[in-house]
Each structure stands twice: as structure tokens, then as C-alpha cells.
>>> print(open('structure.txt').read())   # compact mmCIF, C-alpha atoms and all ligand atoms
# COMPACT_ATOMS: atom_id res chain seq x y z
CA MET A 1 145.96 -86.58 82.41
CA PRO A 2 148.84 -85.51 84.63
CA THR A 3 147.89 -83.08 87.35
CA VAL A 4 150.14 -80.49 88.89
CA ALA A 5 150.43 -80.72 92.67
CA TYR A 6 150.03 -77.34 94.23
CA PRO A 7 151.31 -77.08 97.78
CA ARG A 8 148.45 -76.81 100.20
CA GLY A 9 148.11 -76.65 103.94
CA ASP A 10 148.09 -74.23 106.85
CA ARG A 11 148.86 -70.72 105.61
CA ARG A 12 151.18 -70.14 108.57
CA ASP A 13 153.39 -73.11 107.71
CA PRO A 14 156.67 -71.84 106.18
CA ALA A 15 157.14 -75.22 104.46
CA LEU A 16 154.35 -74.23 102.09
CA LEU A 17 156.51 -71.62 100.38
CA GLU A 18 159.55 -73.95 100.30
CA THR A 19 157.52 -76.63 98.58
CA PHE A 20 156.29 -74.07 96.07
CA LYS A 21 159.84 -72.99 95.22
CA GLN A 22 160.92 -76.60 94.69
CA ALA A 23 157.99 -77.21 92.38
CA PHE A 24 157.90 -73.96 90.42
CA GLY A 25 161.31 -72.33 90.94
CA GLY A 26 162.14 -68.75 91.86
CA ASP A 27 163.59 -67.34 95.06
CA TRP A 28 160.39 -65.82 96.39
CA THR A 29 160.45 -64.63 99.97
CA ASP A 30 156.76 -64.02 100.50
CA VAL A 31 153.31 -65.02 99.37
CA GLN A 32 150.66 -62.66 98.07
CA TRP A 33 147.60 -63.79 99.97
CA GLN A 34 144.33 -63.70 98.11
CA THR A 35 142.30 -65.64 100.65
CA ASP A 36 141.70 -65.33 104.36
CA LYS A 37 141.11 -69.07 104.73
CA GLN A 38 143.53 -70.79 107.08
CA THR A 39 143.89 -73.79 104.77
CA ALA A 40 145.17 -72.53 101.46
CA LYS A 41 147.08 -73.57 98.40
CA LEU A 42 149.90 -71.81 96.58
CA VAL A 43 149.68 -71.31 92.83
CA PRO A 44 152.03 -69.34 90.57
CA CYS A 45 150.85 -66.01 89.13
CA THR A 46 150.18 -66.67 85.44
CA GLY A 47 151.96 -63.40 84.69
CA CYS A 48 155.14 -63.30 86.78
CA GLY A 49 155.21 -66.66 88.55
CA ARG A 50 155.18 -65.34 92.09
CA PRO A 51 153.40 -67.46 94.68
CA LEU A 52 149.78 -66.58 95.34
CA GLY A 53 147.93 -67.95 98.34
CA VAL A 54 144.40 -68.86 97.25
CA ASN A 55 141.59 -70.98 98.60
CA GLN A 56 141.66 -74.69 97.89
CA PHE A 57 139.06 -74.57 95.15
CA TYR A 58 140.56 -71.70 93.19
CA ALA A 59 141.36 -72.37 89.52
CA PRO A 60 145.13 -71.88 88.99
CA ALA A 61 144.66 -70.99 85.32
CA ILE A 62 143.25 -67.57 86.22
CA ALA A 63 145.71 -66.73 89.00
CA LYS A 64 147.20 -63.26 88.74
CA CYS A 65 148.99 -61.15 91.33
CA THR A 66 147.81 -57.57 91.87
CA GLY A 67 150.90 -56.32 90.00
CA CYS A 68 149.94 -58.34 86.92
CA GLY A 69 146.36 -57.11 87.02
CA GLY A 70 144.70 -59.59 89.31
CA GLN A 71 142.53 -58.71 92.27
CA THR A 72 142.56 -60.38 95.61
CA GLU A 73 139.42 -62.20 96.63
CA THR A 74 139.42 -60.58 100.02
CA ALA A 75 139.77 -57.14 98.46
CA GLY A 76 136.60 -57.87 96.51
CA LYS A 77 136.33 -55.75 93.42
CA GLY A 78 138.78 -53.14 94.65
CA GLU A 79 140.86 -51.76 91.82
CA ALA A 80 141.99 -48.33 92.94
CA ALA A 81 145.77 -48.45 93.37
CA ILE A 82 145.83 -44.77 94.32
CA VAL A 83 143.60 -44.26 97.31
CA GLN A 84 142.81 -41.03 99.11
CA PRO A 85 141.97 -41.99 102.69
CA GLY A 86 138.65 -40.49 103.72
CA ARG A 87 137.68 -39.78 100.11
CA THR A 88 138.02 -43.01 98.15
CA ASP A 89 135.36 -45.58 99.02
CA PRO A 90 137.35 -48.21 100.96
CA ALA A 91 135.48 -50.96 99.09
CA LYS A 92 137.17 -49.77 95.90
CA ALA A 93 140.71 -49.86 97.28
CA ALA A 94 142.94 -52.57 95.86
CA ASN A 95 144.64 -52.65 99.26
CA LEU A 96 142.19 -51.99 102.06
CA ALA A 97 144.80 -50.60 104.44
CA ASP A 98 145.51 -47.81 101.95
CA ALA A 99 142.05 -46.42 102.78
CA LEU A 100 143.00 -45.85 106.42
CA LEU A 101 143.49 -42.34 107.78
CA ASN A 102 145.00 -43.90 110.89
CA LYS A 103 147.56 -46.39 109.60
CA GLN A 104 147.93 -47.75 113.14
CA PHE A 105 144.55 -49.46 112.63
CA ALA A 106 145.92 -51.68 109.83
CA THR A 107 147.26 -54.45 112.03
CA ALA A 108 146.73 -55.76 115.52
CA ALA A 109 147.55 -58.78 117.62
CA CYS A 110 144.53 -60.73 118.85
CA PRO A 111 143.85 -59.92 122.53
CA LEU A 112 142.72 -63.52 123.08
CA CYS A 113 145.25 -65.71 121.28
CA ALA A 114 147.92 -63.23 120.04
CA GLU A 115 147.54 -64.32 116.40
CA ASP A 116 147.64 -61.68 113.69
CA MET A 117 144.36 -59.97 113.01
CA GLU A 118 143.20 -59.03 109.54
CA LEU A 119 141.65 -55.71 108.61
CA LYS A 120 138.10 -56.39 107.41
CA SER A 121 136.38 -53.05 107.10
CA VAL A 122 137.06 -49.32 107.12
CA THR A 123 134.35 -46.67 107.32
CA HIS A 124 134.52 -42.90 107.53
CA ASN A 125 132.27 -40.25 109.01
CA GLN A 126 132.59 -36.62 107.98
CA ASN A 127 130.47 -35.36 110.88
CA TYR A 128 131.93 -37.19 113.86
CA GLY A 129 135.66 -37.29 114.37
CA PRO A 130 138.54 -35.87 116.36
CA THR A 131 137.56 -32.34 117.43
CA ARG A 132 139.88 -29.39 117.85
CA LEU A 133 139.03 -25.98 119.34
CA VAL A 134 140.05 -23.40 116.75
CA GLY A 135 138.77 -20.19 118.35
CA TYR A 136 135.84 -18.19 119.60
CA THR A 137 133.23 -16.07 117.93
CA LYS A 138 130.45 -14.01 119.51
CA ASP A 139 128.31 -17.13 119.21
CA GLY A 140 130.71 -19.25 121.23
CA PRO A 141 133.53 -21.68 120.63
CA ARG A 142 134.34 -22.91 117.14
CA TYR A 143 135.53 -26.45 116.55
CA ASP A 144 137.25 -28.05 113.65
CA VAL A 145 136.01 -31.61 113.18
CA SER A 146 138.21 -33.91 111.13
CA THR A 147 136.97 -37.11 109.51
CA GLY A 148 136.27 -39.90 111.95
CA GLU A 149 137.24 -43.45 111.13
CA THR A 150 136.13 -46.89 112.25
CA ALA A 151 138.16 -50.01 111.48
CA MET A 152 137.15 -53.60 112.20
CA LEU A 153 139.68 -56.42 112.43
CA GLN A 154 139.24 -60.14 112.94
CA CYS A 155 141.67 -62.72 114.27
CA ASN A 156 142.90 -65.20 111.66
CA GLY A 157 143.06 -67.81 114.40
CA CYS A 158 140.14 -67.65 116.84
CA LYS A 159 137.89 -65.23 114.85
CA CYS A 160 137.74 -62.70 117.70
CA VAL A 161 136.62 -59.30 116.39
CA VAL A 162 137.74 -55.87 117.54
CA SER A 163 136.79 -52.45 116.26
CA MET A 164 138.61 -49.19 116.72
CA SER A 165 137.11 -45.80 116.09
CA THR A 166 137.86 -42.10 116.29
CA THR A 167 134.23 -41.07 115.88
CA ALA A 168 133.25 -40.39 119.51
CA PRO A 169 133.38 -36.64 120.27
CA PHE A 170 132.58 -37.19 123.95
CA VAL A 171 133.53 -39.48 126.82
CA TYR A 172 131.12 -42.40 126.97
CA ARG A 173 129.63 -43.33 130.28
CA ARG A 174 129.88 -46.97 131.24
CA GLN A 175 126.66 -48.91 130.85
CA ASN A 176 126.53 -49.52 134.61
CA GLU A 177 126.87 -45.84 135.49
CA ALA A 178 123.96 -43.84 136.79
CA ARG A 179 122.56 -41.65 134.06
CA ASP A 180 120.92 -38.30 133.98
CA SER A 181 117.15 -38.16 133.78
CA ALA A 182 116.34 -38.77 130.14
CA GLY A 183 113.65 -36.22 129.22
CA ASP A 184 114.69 -34.43 126.06
CA ALA A 185 118.02 -36.22 125.83
CA PRO A 186 119.16 -37.20 122.34
CA VAL A 187 118.61 -40.79 121.30
CA TRP A 188 122.20 -41.95 121.78
CA THR A 189 121.91 -41.15 125.49
CA SER A 190 119.48 -44.01 125.90
CA LEU A 191 122.00 -46.41 124.34
CA LEU A 192 125.32 -45.63 125.95
CA GLY A 193 125.77 -41.92 125.82
CA ALA A 194 128.18 -39.41 127.22
CA ARG A 195 129.24 -38.87 130.78
CA GLU A 196 127.82 -35.76 132.32
CA LYS A 197 129.81 -32.60 131.85
CA GLY A 198 132.69 -32.13 134.23
CA GLU A 199 133.19 -35.82 134.79
CA THR A 200 136.40 -37.36 133.65
CA ALA A 201 137.51 -40.92 133.17
CA ASP A 202 139.72 -40.50 136.26
CA ALA A 203 136.85 -39.37 138.44
CA ALA A 204 134.70 -42.36 137.59
ZN ZN B 1 152.30 -61.46 88.77
ZN ZN B 2 142.62 -64.87 118.28
>>> encode(input="structure.txt", output="C-alpha cells")
Amino acid sequence: MPTVAYPRGDRRDPALLETFKQAFGGDWTDVQWQTDKQTAKLVPCTGCGRPLGVNQFYAPAIAKCTGCGGQTETAGKGEAAIVQPGRTDPAKAANLADALLNKQFATAACPLCAEDMELKSVTHNQNYGPTRLVGYTKDGPRYDVSTGETAMLQCNGCKCVVSMSTTAPFVYRRQNEARDSAGDAPVWTSLLGAREKGETADAA
């Protein structure tokens, strides 16, 4: 039985797409990646023929791009094409970056090896986020707290992980800084905790 040779190799190798176009035609300029594996193979979408980057063991007969109704493996079961950041569960987003309130968190260069990093998770917190003073009442200052967000990215090369978050409403103290006597301090003070009032990052 004749077998079709699907181009496979390092996902960063541009020759992969060229080989695909020679084998399957089309003037595609990019690949829709459905795997985060570094070694991948390209198969044509069974709907529109565009190149899909999948893992080596993926069955080409079921390949579909997101436009033709397929879901990416890395996006899990995400189906929601219309995503309201902070409201839609990020796990349900067809494109994870659509779930970000802070679009700047979508991409990053690895601080160790400068490879591209891939967004892996997005979480939101209604109670801790960027805080804005909106006025005073007889009971004291009133703050408006917007939804906080935490994003985690991992390097496609060396697997280094970084996370970025807007959920801290105070300035953390460094773990090697002297701390206030504990006593009735809230539990997070014993972990890392806030700097004492009046201190600034500059003063430290
Ligand atoms: Zn398609
Ligand atoms: Zn890296």
C-alpha cells in the first residue's frame, strides 16, 4: 500500500513548509500549529488543504484547521471563538490569547535562550487586581479593583517558565528583607508579604 510522505522535522525549519507545498500544492505562507512539540509533521487540513503542524503520531485523516471546525491539541477542548477576557473560562477559548485582558502577556522572548515562549495558562481573579483610588467616604478611601490576571509562558526551546501577574495590590518585600513581627499578621505575610507601609522599592 503506498504511503504518503508527510514532511516532518524541527518546527522551526522553514524547509518544512516548502516541502509541504511541493507535495500538496498551494501557496501557503504559514502553518497552523496544533502541537507544541519541537519535532512535528505537516499534514493538509482535510477541509481546505492548509498546512497543519501536528505531532508525529497524529492521524492525517482527521486533520482539520480551526477555520474548518477542528480544534488544536494545545487548545484542548476550547471551542469559543468569541471570548470575553475575564469572563469566558480561558480553558474554553479556541485561541488562548483571546482570553487575555493584558494582550502584552501573549508572547515573550525566553530570558535564557531568547527563543519564543508559548502561552500556557491564563487565570483571572476578581478580588485582587490593579487598584485605583476613586474617592473618599466618611468611612475612608474607596478603591476600584479591576480583574487581576496571571499568565504563564514556557520556552519552546529550553522549557524555562515565566509567569506574569497583575494580582498583587501591594509591594512585595524581598524574601531576604527583615520583616515585621508576625503576631496577627495575615497568612501571606509569612510567605512573602508586603513591604511595610511607607517603604518604596527605591528605598530598599
Ligand atoms: Zn481548513
Ligand atoms: Zn529558552
>>> residues_near_ligand(input="structure.txt", ligand="ligand ZN 2 (chain B)", cutoff="10 Å", atoms="all atoms listed in the file", output="mmCIF file with C-alpha atoms, in the frame of the given file")
data_model
loop_
_atom_site.group_PDB
_atom_site.id
_atom_site.type_symbol
_atom_site.label_atom_id
_atom_site.label_comp_id
_atom_site.auth_asym_id
_atom_site.auth_seq_id
_atom_site.Cartn_x
_atom_site.Cartn_y
_atom_site.Cartn_z
ATOM 1 C CA ALA A 109 147.550 -58.780 117.620
ATOM 2 C CA CYS A 110 144.530 -60.730 118.850
ATOM 3 C CA PRO A 111 143.850 -59.920 122.530
ATOM 4 C CA LEU A 112 142.720 -63.520 123.080
ATOM 5 C CA CYS A 113 145.250 -65.710 121.280
ATOM 6 C CA ALA A 114 147.920 -63.230 120.040
ATOM 7 C CA GLU A 115 147.540 -64.320 116.400
ATOM 8 C CA ASP A 116 147.640 -61.680 113.690
ATOM 9 C CA MET A 117 144.360 -59.970 113.010
ATOM 10 C CA GLN A 154 139.240 -60.140 112.940
ATOM 11 C CA CYS A 155 141.670 -62.720 114.270
ATOM 12 C CA ASN A 156 142.900 -65.200 111.660
ATOM 13 C CA GLY A 157 143.060 -67.810 114.400
ATOM 14 C CA CYS A 158 140.140 -67.650 116.840
ATOM 15 C CA LYS A 159 137.890 -65.230 114.850
ATOM 16 C CA CYS A 160 137.740 -62.700 117.700
ATOM 17 C CA VAL A 161 136.620 -59.300 116.390
#
>>> axis_aligned_box(input="structure.txt", around="range 49-54 of chain A", padding_each_side="3 Å", output="AutoDock Vina command-line options")
--center_x 149.8 --center_y -67.1 --center_z 93.4 --size_x 16.8 --size_y 9.5 --size_z 15.8
>>> atom_distance(input="structure.txt", atom1="CA of Gly47 in chain A", atom2="CA of Gln84 in chain A")
28.1 Å
>>> residues_near_ligand(input="structure.txt", ligand="ligand ZN 1 (chain B)", cutoff="10 Å", atoms="only C-alpha atoms and all ligand atoms", output="mmCIF file with C-alpha atoms, in the frame of the given file")
data_model
loop_
_atom_site.group_PDB
_atom_site.id
_atom_site.type_symbol
_atom_site.label_atom_id
_atom_site.label_comp_id
_atom_site.auth_asym_id
_atom_site.auth_seq_id
_atom_site.Cartn_x
_atom_site.Cartn_y
_atom_site.Cartn_z
ATOM 1 C CA GLN A 32 150.660 -62.660 98.070
ATOM 2 C CA PRO A 44 152.030 -69.340 90.570
ATOM 3 C CA CYS A 45 150.850 -66.010 89.130
ATOM 4 C CA THR A 46 150.180 -66.670 85.440
ATOM 5 C CA GLY A 47 151.960 -63.400 84.690
ATOM 6 C CA CYS A 48 155.140 -63.300 86.780
ATOM 7 C CA GLY A 49 155.210 -66.660 88.550
ATOM 8 C CA ARG A 50 155.180 -65.340 92.090
ATOM 9 C CA PRO A 51 153.400 -67.460 94.680
ATOM 10 C CA LEU A 52 149.780 -66.580 95.340
ATOM 11 C CA ALA A 63 145.710 -66.730 89.000
ATOM 12 C CA LYS A 64 147.200 -63.260 88.740
ATOM 13 C CA CYS A 65 148.990 -61.150 91.330
ATOM 14 C CA THR A 66 147.810 -57.570 91.870
ATOM 15 C CA GLY A 67 150.900 -56.320 90.000
ATOM 16 C CA CYS A 68 149.940 -58.340 86.920
ATOM 17 C CA GLY A 69 146.360 -57.110 87.020
ATOM 18 C CA GLY A 70 144.700 -59.590 89.310
#
>>> residues_near_point(input="structure.txt", point="(135.9, -28.3, 113.4)", cutoff="9 Å", atoms="all atoms listed in the file", output="PyMOL selection string")
chain A and resi 130-134+142-146
>>> write_last_selection(input="structure.txt", atoms="C-alpha atoms", output="short mmCIF file (atom, residue, chain, number, x, y, z; two decimals), in the frame of the given file")
data_model
loop_
_atom_site.label_atom_id
_atom_site.label_comp_id
_atom_site.auth_asym_id
_atom_site.auth_seq_id
_atom_site.Cartn_x
_atom_site.Cartn_y
_atom_site.Cartn_z
CA PRO A 130 138.54 -35.87 116.36
CA THR A 131 137.56 -32.34 117.43
CA ARG A 132 139.88 -29.39 117.85
CA LEU A 133 139.03 -25.98 119.34
CA VAL A 134 140.05 -23.40 116.75
CA ARG A 142 134.34 -22.91 117.14
CA TYR A 143 135.53 -26.45 116.55
CA ASP A 144 137.25 -28.05 113.65
CA VAL A 145 136.01 -31.61 113.18
CA SER A 146 138.21 -33.91 111.13
#
>>> atom_distance(input="structure.txt", atom1="CA of Gly193 in chain A", atom2="CA of Thr147 in chain A")
20.4 Å
>>> closest_residue(input="structure.txt", among="A:Tyr6, A:Lys103, A:Gly86, A:Gly26", to="Tyr58 in chain A", atoms="only C-alpha atoms")
A:Tyr6
>>> atom_distance(input="structure.txt", atom1="CA of Leu42 in chain A", atom2="CA of Ala61 in chain A")
12.4 Å
>>> residues_around(input="structure.txt", residues="Ile82 in chain A", least_positions_apart="4", cutoff="10 Å", atoms="only C-alpha atoms", output="compact mmCIF listing (two decimals) with C-alpha atoms, in the frame of the given file")
# COMPACT_ATOMS: atom_id res chain seq x y z
CA THR A 88 138.02 -43.01 98.15
CA ALA A 93 140.71 -49.86 97.28
CA ALA A 94 142.94 -52.57 95.86
CA ASN A 95 144.64 -52.65 99.26
CA ASP A 98 145.51 -47.81 101.95
CA ALA A 99 142.05 -46.42 102.78
>>> closest_residue(input="structure.txt", among="A:Asp36, A:Asp89, A:Glu149, A:Asp139", to="Gln104 in chain A", atoms="all atoms listed in the file")
A:Glu149
>>> residues_around(input="structure.txt", residues="Glu18 in chain A", least_positions_apart="4", cutoff="12 Å", atoms="only C-alpha atoms", output="list in words")
Tyr6, Pro7, Arg8, Asp13, Pro14, Gln22, Ala23, Phe24, Gly25, Gly26, Asp27, Trp28, Thr29, Asp30, Val31, Leu42 and Pro51 of chain A
>>> residues_around(input="structure.txt", residues="Ser165 in chain A", least_positions_apart="6", cutoff="8 Å", atoms="only C-alpha atoms", output="count of residues only")
4
>>> residues_around(input="structure.txt", residues="range 170-173 of chain A", least_positions_apart="4", cutoff="7 Å", atoms="all atoms listed in the file", output="PyMOL selection string")
chain A and resi 177+192-195
>>> write_last_selection(input="structure.txt", atoms="C-alpha atoms", output="JSON list (two decimals), in the coordinates of the input")
[["chain", "number", "residue", "atom", "x", "y", "z"],
["A", 177, "GLU", "CA", 126.87, -45.84, 135.49],
["A", 192, "LEU", "CA", 125.32, -45.63, 125.95],
["A", 193, "GLY", "CA", 125.77, -41.92, 125.82],
["A", 194, "ALA", "CA", 128.18, -39.41, 127.22],
["A", 195, "ARG", "CA", 129.24, -38.87, 130.78]]
